[in-house]
$ cat structure_32.txt   # compact mmCIF, C-alpha atoms and all ligand atoms
# COMPACT_ATOMS: atom_id res chain seq x y z
CA MET A 1 -8.77 62.95 56.37
CA PHE A 2 -5.50 61.83 54.79
CA ASN A 3 -3.44 62.58 57.90
CA ASN A 4 -5.88 61.20 60.47
CA SER A 5 -7.02 58.07 58.64
CA ILE A 6 -6.73 54.86 60.68
CA ASP A 7 -5.81 53.12 57.42
CA ALA A 8 -2.49 53.64 55.75
CA VAL A 9 -3.04 55.73 52.61
CA LEU A 10 -0.62 56.07 49.73
CA LEU A 11 -1.03 58.25 46.72
CA ALA A 12 0.84 56.73 43.82
CA ASP A 13 1.14 56.76 40.06
CA PRO A 14 0.03 53.70 38.09
CA GLY A 15 3.70 52.77 37.55
CA GLY A 16 4.36 52.31 41.27
CA GLY A 17 5.96 55.64 42.21
CA VAL A 18 4.70 57.14 45.46
CA TYR A 19 3.74 60.85 45.77
CA ALA A 20 2.48 60.95 49.31
CA ALA A 21 2.12 58.70 52.37
CA ASN A 22 0.09 59.44 55.49
CA PRO A 23 1.40 58.95 59.09
CA GLU A 24 -0.25 55.51 59.44
CA ALA A 25 1.54 54.34 56.25
CA CYS A 26 4.84 55.53 57.70
CA ARG A 27 4.04 53.71 60.96
CA ILE A 28 3.16 50.32 59.51
CA PHE A 29 6.00 50.29 56.98
CA GLU A 30 8.45 51.82 59.48
CA ARG A 31 9.62 54.35 56.86
CA THR A 32 9.43 58.11 56.55
CA GLU A 33 7.25 59.65 53.85
CA ASP A 34 10.43 60.65 51.96
CA GLU A 35 11.72 57.07 52.08
CA LEU A 36 8.42 55.74 50.77
CA CYS A 37 8.38 58.32 47.97
CA GLN A 38 11.95 57.44 47.03
CA SER A 39 11.63 53.67 46.97
CA GLY A 40 8.09 53.37 45.59
CA ILE A 41 5.55 50.57 45.95
CA ASP A 42 8.03 47.77 45.19
CA CYS A 43 9.80 48.16 48.54
CA ILE A 44 6.63 47.47 50.54
CA ILE A 45 5.21 44.51 48.62
CA ASP A 46 6.51 41.00 49.12
CA THR A 47 6.81 39.94 45.50
CA THR A 48 7.39 36.32 46.54
CA ASP A 49 3.73 36.14 47.65
CA PRO A 50 2.21 33.73 45.09
CA SER A 51 -0.99 35.78 44.84
CA TYR A 52 0.97 38.91 43.83
CA TYR A 53 0.95 38.12 40.09
CA ALA A 54 -2.78 37.41 40.07
CA VAL A 55 -3.30 40.79 41.75
CA LEU A 56 -1.10 42.52 39.17
CA LYS A 57 -3.07 40.90 36.36
CA GLU A 58 -6.40 42.01 37.78
CA TRP A 59 -4.97 45.45 38.41
CA ASN A 60 -3.84 45.82 34.79
CA ARG A 61 -7.20 44.59 33.53
CA THR A 62 -9.56 46.63 35.69
CA GLY A 63 -7.48 49.36 37.34
CA LYS A 64 -8.85 48.25 40.69
CA PHE A 65 -7.93 45.81 43.42
CA LYS A 66 -9.49 44.79 46.70
CA GLY A 67 -8.05 41.97 48.76
CA GLU A 68 -5.12 40.76 50.83
CA LEU A 69 -1.41 40.91 50.03
CA THR A 70 1.80 40.15 51.87
CA LEU A 71 3.63 43.38 52.70
CA LYS A 72 7.08 44.24 54.02
CA ARG A 73 8.25 46.51 56.81
CA LYS A 74 11.60 48.27 56.63
CA ASN A 75 13.34 45.61 58.73
CA GLY A 76 12.15 42.91 56.32
CA ALA A 77 9.38 41.59 58.62
CA ILE A 78 6.35 40.58 56.59
CA PHE A 79 2.68 41.00 57.45
CA THR A 80 -0.69 40.66 55.77
CA GLY A 81 -2.41 43.82 54.62
CA GLU A 82 -5.96 44.33 53.44
CA ILE A 83 -5.77 46.58 50.41
CA SER A 84 -8.20 48.53 48.34
CA SER A 85 -6.83 50.46 45.46
CA ALA A 86 -8.18 52.23 42.37
CA ILE A 87 -6.97 54.42 39.54
CA PHE A 88 -8.52 57.85 39.22
CA LYS A 89 -7.92 61.04 37.19
CA ASP A 90 -6.76 64.09 39.17
CA LYS A 91 -7.94 67.62 38.42
CA ASN A 92 -5.15 68.08 35.86
CA GLY A 93 -6.24 64.98 34.02
CA HIS A 94 -3.31 62.80 35.22
CA TYR A 95 -3.86 59.22 36.25
CA LYS A 96 -3.15 58.50 39.94
CA THR A 97 -3.69 55.57 42.21
CA SER A 98 -5.11 55.68 45.72
CA ILE A 99 -4.07 52.79 47.94
CA PHE A 100 -5.70 52.13 51.29
CA ILE A 101 -3.95 49.55 53.46
CA ARG A 102 -4.95 48.06 56.80
CA ASP A 103 -2.53 45.93 58.82
CA ILE A 104 -4.59 42.81 59.64
CA THR A 105 -1.88 40.84 61.46
CA GLU A 106 -3.97 40.65 64.64
CA ARG A 107 -7.10 39.51 62.79
CA LYS A 108 -5.06 36.84 60.99
CA GLN A 109 -3.67 35.61 64.31
CA LEU A 110 -7.17 35.44 65.74
CA GLU A 111 -8.36 33.47 62.71
CA LYS A 112 -5.47 31.07 63.14
CA GLU A 113 -6.29 30.69 66.83
CA MET A 114 -9.97 30.01 66.01
CA ALA A 115 -8.98 27.40 63.43
CA ARG A 116 -6.71 25.73 66.00
CA LEU A 117 -9.52 25.68 68.56
CA ASP A 118 -11.89 24.22 65.97
CA ARG A 119 -9.42 21.44 65.21
CA LEU A 120 -9.01 20.81 68.92
CA ASN A 121 -12.76 20.67 69.46
CA LEU A 122 -13.26 18.29 66.58
CA VAL A 123 -10.58 15.96 67.93
CA GLY A 124 -12.11 16.28 71.38
CA GLU A 125 -15.58 15.38 70.20
CA MET A 126 -14.28 12.36 68.30
CA ALA A 127 -12.32 11.34 71.36
CA ALA A 128 -15.34 11.62 73.60
CA GLY A 129 -17.30 9.51 71.13
CA ILE A 130 -14.95 6.57 70.99
CA GLY A 131 -13.06 6.94 74.27
CA HIS A 132 -15.66 5.29 76.46
CA GLU A 133 -16.24 2.47 73.98
CA ILE A 134 -12.55 1.61 74.00
CA ARG A 135 -12.14 1.87 77.73
CA ASN A 136 -14.73 -0.71 78.69
CA PRO A 137 -13.19 -3.66 76.83
CA MET A 138 -9.76 -2.51 77.99
CA THR A 139 -10.86 -2.75 81.59
CA THR A 140 -11.99 -6.33 80.97
CA VAL A 141 -8.69 -7.27 79.32
CA ARG A 142 -6.72 -5.65 82.13
CA GLY A 143 -8.76 -7.57 84.72
CA PHE A 144 -8.03 -10.93 83.06
CA LEU A 145 -4.34 -10.11 82.66
CA GLN A 146 -4.10 -9.30 86.32
CA MET A 147 -5.86 -12.51 87.23
CA LEU A 148 -3.58 -14.64 85.00
CA GLU A 149 -0.47 -12.86 86.27
CA GLY A 150 -1.24 -14.16 89.75
CA LYS A 151 -1.67 -17.81 88.60
CA GLN A 152 1.01 -20.35 89.37
CA ASP A 153 0.94 -21.75 85.77
CA CYS A 154 1.75 -18.33 84.35
CA SER A 155 4.49 -17.37 86.76
CA LYS A 156 7.26 -17.65 84.17
CA TYR A 157 5.48 -15.03 82.03
CA LYS A 158 4.99 -12.58 84.90
CA LYS A 159 7.31 -10.06 83.22
CA TYR A 160 5.18 -10.05 80.06
CA PHE A 161 1.96 -9.71 82.00
CA ASN A 162 3.35 -6.69 83.84
CA LEU A 163 4.43 -5.15 80.56
CA MET A 164 0.99 -5.72 79.01
CA ILE A 165 -0.71 -4.18 82.04
CA SER A 166 1.54 -1.13 82.04
CA GLU A 167 1.02 -0.64 78.32
CA LEU A 168 -2.74 -0.79 78.86
CA ASP A 169 -2.40 1.78 81.66
CA ARG A 170 -0.42 4.02 79.35
CA THR A 171 -3.13 3.75 76.70
CA ASN A 172 -5.69 4.59 79.34
CA THR A 173 -3.76 7.71 80.34
CA ILE A 174 -3.65 8.82 76.71
CA ILE A 175 -7.40 8.32 76.37
CA THR A 176 -7.98 10.32 79.57
CA GLU A 177 -5.88 13.19 78.22
CA PHE A 178 -7.60 12.92 74.88
CA LEU A 179 -11.04 13.05 76.51
CA SER A 180 -10.08 16.24 78.30
CA LEU A 181 -9.87 17.96 74.90
CA ALA A 182 -13.65 17.65 74.47
CA LYS A 183 -15.26 21.01 73.87
CA ASN A 184 -18.35 20.39 75.92
CA LYS A 185 -16.39 19.31 78.95
CA THR A 186 -17.41 21.51 81.86
CA VAL A 187 -15.34 22.06 84.96
CA GLU A 188 -16.10 23.77 88.21
CA LEU A 189 -14.07 26.92 88.77
CA LYS A 190 -13.48 28.24 92.28
CA PRO A 191 -11.73 31.46 93.32
CA GLN A 192 -8.30 30.48 94.60
CA ASN A 193 -4.67 31.41 94.47
CA ILE A 194 -2.43 29.94 91.81
CA ASN A 195 0.59 30.34 94.12
CA HIS A 196 -0.97 27.83 96.54
CA ILE A 197 -1.37 25.28 93.76
CA ILE A 198 2.29 25.78 92.80
CA GLN A 199 3.38 25.36 96.44
CA ALA A 200 1.39 22.15 96.77
CA LEU A 201 2.90 20.77 93.56
CA PHE A 202 6.46 21.79 94.38
CA PRO A 203 7.61 18.48 95.96
CA LEU A 204 6.42 16.59 92.87
CA ILE A 205 8.12 19.04 90.51
CA GLU A 206 11.31 18.95 92.56
CA ALA A 207 11.38 15.16 92.50
CA ASP A 208 10.72 15.20 88.76
CA GLY A 209 13.64 17.59 88.22
CA MET A 210 15.98 15.68 90.49
CA ILE A 211 15.72 12.48 88.45
CA THR A 212 17.30 14.18 85.45
CA ASP A 213 19.46 16.69 87.35
CA LYS A 214 17.50 19.87 86.61
CA ASN A 215 17.26 22.89 88.92
CA ILE A 216 14.08 24.75 89.78
CA GLU A 217 13.60 28.32 90.82
CA ILE A 218 10.25 29.62 92.01
CA GLU A 219 9.67 33.35 91.57
CA THR A 220 6.08 33.85 92.62
CA SER A 221 4.80 37.28 93.50
CA GLU A 222 1.61 38.18 95.28
CA VAL A 223 -1.34 37.76 92.91
CA PRO A 224 -5.08 37.97 93.57
CA ASP A 225 -7.31 34.87 93.64
CA ILE A 226 -8.77 33.88 90.29
CA ALA A 227 -11.43 31.34 89.26
CA LEU A 228 -9.58 28.06 88.79
CA ASN A 229 -10.14 24.35 88.68
CA GLU A 230 -7.35 22.99 90.83
CA LYS A 231 -7.09 19.60 89.15
CA GLU A 232 -6.85 21.14 85.70
CA ILE A 233 -4.36 23.81 86.71
CA ARG A 234 -2.14 21.15 88.30
CA GLN A 235 -2.23 19.30 84.98
CA LEU A 236 -1.42 22.48 83.03
CA ILE A 237 1.51 23.33 85.31
CA LEU A 238 2.90 19.80 85.17
CA ASN A 239 2.64 19.59 81.38
CA LEU A 240 4.50 22.89 80.90
CA VAL A 241 7.08 22.06 83.57
CA ARG A 242 7.74 18.61 82.08
CA ASN A 243 8.21 20.10 78.62
CA GLY A 244 10.69 22.56 80.16
CA PHE A 245 12.63 19.76 81.86
CA GLU A 246 12.61 17.65 78.70
CA ALA A 247 13.96 20.57 76.65
CA MET A 248 17.02 21.07 78.86
CA SER A 249 20.30 19.21 79.34
CA PRO A 250 21.29 18.19 82.88
CA GLY A 251 22.24 21.19 85.02
CA GLY A 252 19.67 23.45 83.31
CA LYS A 253 17.44 25.73 85.33
CA LEU A 254 13.67 25.97 85.09
CA THR A 255 12.02 29.10 86.48
CA ILE A 256 8.38 29.17 87.48
CA LYS A 257 6.92 32.64 87.84
CA THR A 258 3.67 34.30 88.71
CA PHE A 259 3.03 38.01 88.41
CA ARG A 260 0.35 40.54 87.75
CA ASP A 261 0.26 42.32 84.40
CA GLY A 262 -2.48 44.95 84.17
CA ASP A 263 -5.76 43.13 84.69
CA GLU A 264 -4.19 39.70 84.17
CA VAL A 265 -2.57 37.14 86.44
CA VAL A 266 0.28 35.54 84.57
CA PHE A 267 1.82 32.13 85.17
CA ALA A 268 5.10 31.57 83.32
CA VAL A 269 7.48 28.65 82.88
CA GLN A 270 10.91 29.51 81.54
CA ASP A 271 13.51 26.95 80.52
CA GLN A 272 17.08 27.05 79.26
CA GLY A 273 16.54 24.50 76.50
CA GLY A 274 17.33 24.86 72.82
CA GLY A 275 13.98 26.42 71.86
CA ILE A 276 11.00 25.08 69.94
CA LYS A 277 11.93 23.65 66.55
CA THR A 278 11.04 26.20 63.86
CA ASP A 279 9.18 23.73 61.63
CA ILE A 280 6.54 23.10 64.32
CA LEU A 281 6.23 26.69 65.60
CA ASP A 282 2.91 27.48 63.95
CA LYS A 283 1.44 24.07 64.77
CA ILE A 284 2.10 24.23 68.52
CA GLY A 285 -0.93 22.91 70.40
CA THR A 286 -2.06 20.52 67.66
CA PRO A 287 -2.89 17.12 69.16
CA PHE A 288 -0.27 14.39 68.51
CA LEU A 289 2.38 16.85 67.35
CA THR A 290 5.61 15.66 68.92
CA THR A 291 9.33 15.69 68.21
CA LYS A 292 10.10 13.30 71.06
CA ASP A 293 10.72 9.56 70.71
CA TYR A 294 8.42 8.74 73.60
CA GLY A 295 6.11 11.77 73.42
CA THR A 296 2.41 11.55 72.73
CA GLY A 297 2.06 15.16 71.61
CA LEU A 298 -0.96 15.77 73.80
CA GLY A 299 0.67 17.82 76.60
CA LEU A 300 0.28 21.24 75.01
CA ALA A 301 -3.07 20.44 73.35
CA VAL A 302 -4.38 19.65 76.84
CA CYS A 303 -2.89 22.92 78.16
CA PHE A 304 -4.61 24.97 75.44
CA SER A 305 -7.86 23.18 76.13
CA ILE A 306 -7.59 23.82 79.89
CA ALA A 307 -6.68 27.46 79.25
CA SER A 308 -9.73 27.95 77.04
CA ARG A 309 -11.99 26.55 79.78
CA HIS A 310 -10.45 29.14 82.13
CA ASN A 311 -10.87 31.94 79.60
CA ALA A 312 -7.08 32.21 79.67
CA THR A 313 -4.64 32.54 76.79
CA ILE A 314 -1.29 30.85 76.23
CA ASN A 315 1.58 32.36 74.34
CA PHE A 316 5.32 31.72 74.25
CA GLU A 317 8.67 33.23 73.46
CA THR A 318 11.32 30.92 72.15
CA SER A 319 14.93 31.23 71.01
CA LEU A 320 18.02 29.04 70.89
CA CYS A 321 18.62 30.00 74.54
CA GLY A 322 15.29 28.75 75.85
CA THR A 323 11.54 28.97 75.85
CA THR A 324 9.04 30.70 78.10
CA PHE A 325 5.37 29.77 78.12
CA PHE A 326 2.96 32.37 79.52
CA VAL A 327 -0.56 31.54 80.66
CA ARG A 328 -2.60 34.72 81.09
CA PHE A 329 -5.73 34.61 83.27
CA LYS A 330 -8.25 37.45 83.33
CA MET A 331 -8.85 38.77 86.83
N1 LIG A 401 9.70 24.08 76.45
C1 LIG A 401 9.87 23.57 75.21
N2 LIG A 401 11.07 23.70 74.56
C2 LIG A 401 11.24 23.20 73.32
N3 LIG A 401 10.29 22.54 72.63
C3 LIG A 401 9.09 22.37 73.22
C4 LIG A 401 8.81 22.88 74.53
N4 LIG A 401 7.52 22.58 74.83
C5 LIG A 401 7.04 21.90 73.78
N5 LIG A 401 7.96 21.77 72.81
C6 LIG A 401 7.79 21.10 71.50
O1 LIG A 401 6.41 20.92 71.27
C7 LIG A 401 6.11 19.53 71.04
C8 LIG A 401 4.74 19.22 71.60
O2 LIG A 401 4.73 19.32 73.01
P1 LIG A 401 3.65 18.49 73.84
O3 LIG A 401 3.87 18.75 75.27
O4 LIG A 401 2.30 18.78 73.26
O5 LIG A 401 3.99 16.99 73.46
P2 LIG A 401 5.24 16.11 73.91
O6 LIG A 401 5.95 16.77 75.06
O7 LIG A 401 6.04 15.81 72.71
O8 LIG A 401 4.54 14.78 74.40
P3 LIG A 401 3.63 14.60 75.73
O9 LIG A 401 2.29 14.21 75.22
O10 LIG A 401 4.31 13.56 76.49
O11 LIG A 401 3.58 15.92 76.44
C9 LIG A 401 7.25 18.80 71.72
O12 LIG A 401 7.44 17.51 71.16
C10 LIG A 401 8.43 19.73 71.48
O13 LIG A 401 8.99 19.54 70.21
MG MG A 402 4.89 17.44 76.73

$ encode --input "structure_32.txt" --output "structure tokens" --more "lines below"
Ligand SMILES: Nc1ncnc2c1ncn2[C@@H]1O[C@H](COP(=O)(O)OP(=O)(O)OP(=O)(O)O)[C@@H](O)[C@H]1O
Ligand SMILES: [Mg+2]
Amino acid sequence: MFNNSIDAVLLADPGGGVYAANPEACRIFERTEDELCQSGIDCIIDTTDPSYYAVLKEWNRTGKFKGELTLKRKNGAIFTGEISSAIFKDKNGHYKTSIFIRDITERKQLEKEMARLDRLNLVGEMAAGIGHEIRNPMTTVRGFLQMLEGKQDCSKYKKYFNLMISELDRTNTIITEFLSLAKNKTVELKPQNINHIIQALFPLIEADGMITDKNIEIETSEVPDIALNEKEIRQLILNLVRNGFEAMSPGGKLTIKTFRDGDEVVFAVQDQGGGIKTDILDKIGTPFLTTKDYGTGLGLAVCFSIASRHNATINFETSLCGTTFFVRFKM
């Protein structure tokens, strides 16, 4: 039972020394049983976790603990573990501690993802509620501005009228993007090939890149048709491509890839920019999160929303040498 348990199991003394560790414990802590026995419990617990002292207190009071703690692997990487531990008396009458640990990193990630989707849906619902109400009066204002702009009396203010109209159009675009975050938005999906959508978009992407002197490389490989909404996928591609362009200095290269990975079709956009800023890493996809002077911070939120309507997932790899966004569609 000890050796085959899917949970990590440690046998320890109440002072923190370790007597035995099963294979799963060695796997999650990336240490051999000997190493764990030598260094004891202290080397696997992140003592900077604020809840650690509360746990210790409860442990001293009751001899038991059940809950979550931040743990450390050998290379210093931290992860959340679900722990249940209790003191017992062995057959010789000595006090021992059994510690069962489950690595719940994946569950935590899923919870985070669900919370992000909930936030997105809430924003989307609010947007849907007020979006239409704002648009109608805006259309009226825009109509009058356009009418006045054409009048002889107003000709010396033409520049201002144009500015007002383009600002209104910009607001309208933001509202449109915002509305697309709505949870209950339904789109029609049709089996088609993502490579064809990329081909059709290429002239637009190329022109976009040319303005700021960025190079584009397309590395598509044969992939099966998947259920897509063309309009939404175009939007998703453009948002990711534009972020890639914006992240790079002139001369940088953006690579657009498609490939098959197991039962998934993957679309990837790789740039040679400076990477995503670390302070926003775990908030990526939150509406209105932007580090750009003229950004709205809706591009990625819209991408996540489109991906969820396609039952696809988005993840990314980022470093100081660049960022790659992967969109994974189920076949
Ligand atoms: N490829 C990338 N490289 C580096 N940082 C990125 C990349 N993509 C996104 N980011 C970061 O994530 C933030 C949010 O991106 P998002 O596309 O949602 O908004 P934005 O680009 O700022 O504005 P917009 O609404 O115009 O797209 C960006 O401001 C940027 O800091
Ligand atoms: Mg963007």

$ closest_residue --input "structure_32.txt" --among "A:Ile211, A:Leu148, A:Ala128, A:Ile233" --to "Thr176 in chain A" --atoms "only C-alpha atoms"
A:Ala128

$ residues_around --input "structure_32.txt" --residues "Asp7 in chain A" --least-positions-apart "5" --cutoff "7 Å" --atoms "all atoms listed in the file" --output "list in words"
Glu24, Phe100, Ile101 and Arg102 of chain A

$ write_last_selection --input "structure_32.txt" --atoms "C-alpha atoms" --output "CSV table (one decimal), in the coordinates of the input"
chain,number,residue,atom,x,y,z
A,24,GLU,CA,-0.2,55.5,59.4
A,100,PHE,CA,-5.7,52.1,51.3
A,101,ILE,CA,-4.0,49.6,53.5
A,102,ARG,CA,-5.0,48.1,56.8

$ residues_near_ligand --input "structure_32.txt" --ligand "ligand MG 402 (chain A)" --cutoff "7 Å" --atoms "all atoms listed in the file" --output "JSON, numbers by chain"
{"A": [239, 240, 242, 243, 295, 297, 298, 299, 300]}

$ write_last_selection --input "structure_32.txt" --atoms "C-alpha atoms" --output "PDB file, keeping the file's coordinate frame"
ATOM      1  CA  ASN A 239       2.640  19.590  81.380  1.00  0.00           C
ATOM      2  CA  LEU A 240       4.500  22.890  80.900  1.00  0.00           C
ATOM      3  CA  ARG A 242       7.740  18.610  82.080  1.00  0.00           C
ATOM      4  CA  ASN A 243       8.210  20.100  78.620  1.00  0.00           C
ATOM      5  CA  GLY A 295       6.110  11.770  73.420  1.00  0.00           C
ATOM      6  CA  GLY A 297       2.060  15.160  71.610  1.00  0.00           C
ATOM      7  CA  LEU A 298      -0.960  15.770  73.800  1.00  0.00           C
ATOM      8  CA  GLY A 299       0.670  17.820  76.600  1.00  0.00           C
ATOM      9  CA  LEU A 300       0.280  21.240  75.010  1.00  0.00           C
TER      10      LEU A 300
END

$ residues_near_ligand --input "structure_32.txt" --ligand "ligand LIG 401 (chain A)" --cutoff "8 Å" --atoms "all atoms listed in the file" --output "VMD selection string"
chain A and resid 239 to 248 270 to 271 273 to 277 280 284 to 292 294 to 302 318 322 to 325

$ closest_residue --input "structure_32.txt" --among "A:Leu69, A:Asp293, A:Ser319, A:Ile6" --to "Thr47 in chain A" --atoms "only C-alpha atoms"
A:Leu69

$ closest_residue --input "structure_32.txt" --among "A:Thr186, A:Thr278, A:Asn136, A:Gln109" --to "Asn315 in chain A" --atoms "only C-alpha atoms"
A:Gln109

$ closest_residue --input "structure_32.txt" --among "A:Val187, A:Ala77, A:Ile314, A:Ile41" --to "Val327 in chain A" --atoms "all atoms listed in the file"
A:Ile314

$ atom_distance --input "structure_32.txt" --atom1 "CA of Leu236 in chain A" --atom2 "CA of Pro137 in chain A"
29.3 Å

$ closest_residue --input "structure_32.txt" --among "A:Arg31, A:His94, A:His310, A:Lys66" --to "Lys185 in chain A" --atoms "all atoms listed in the file"
A:His310
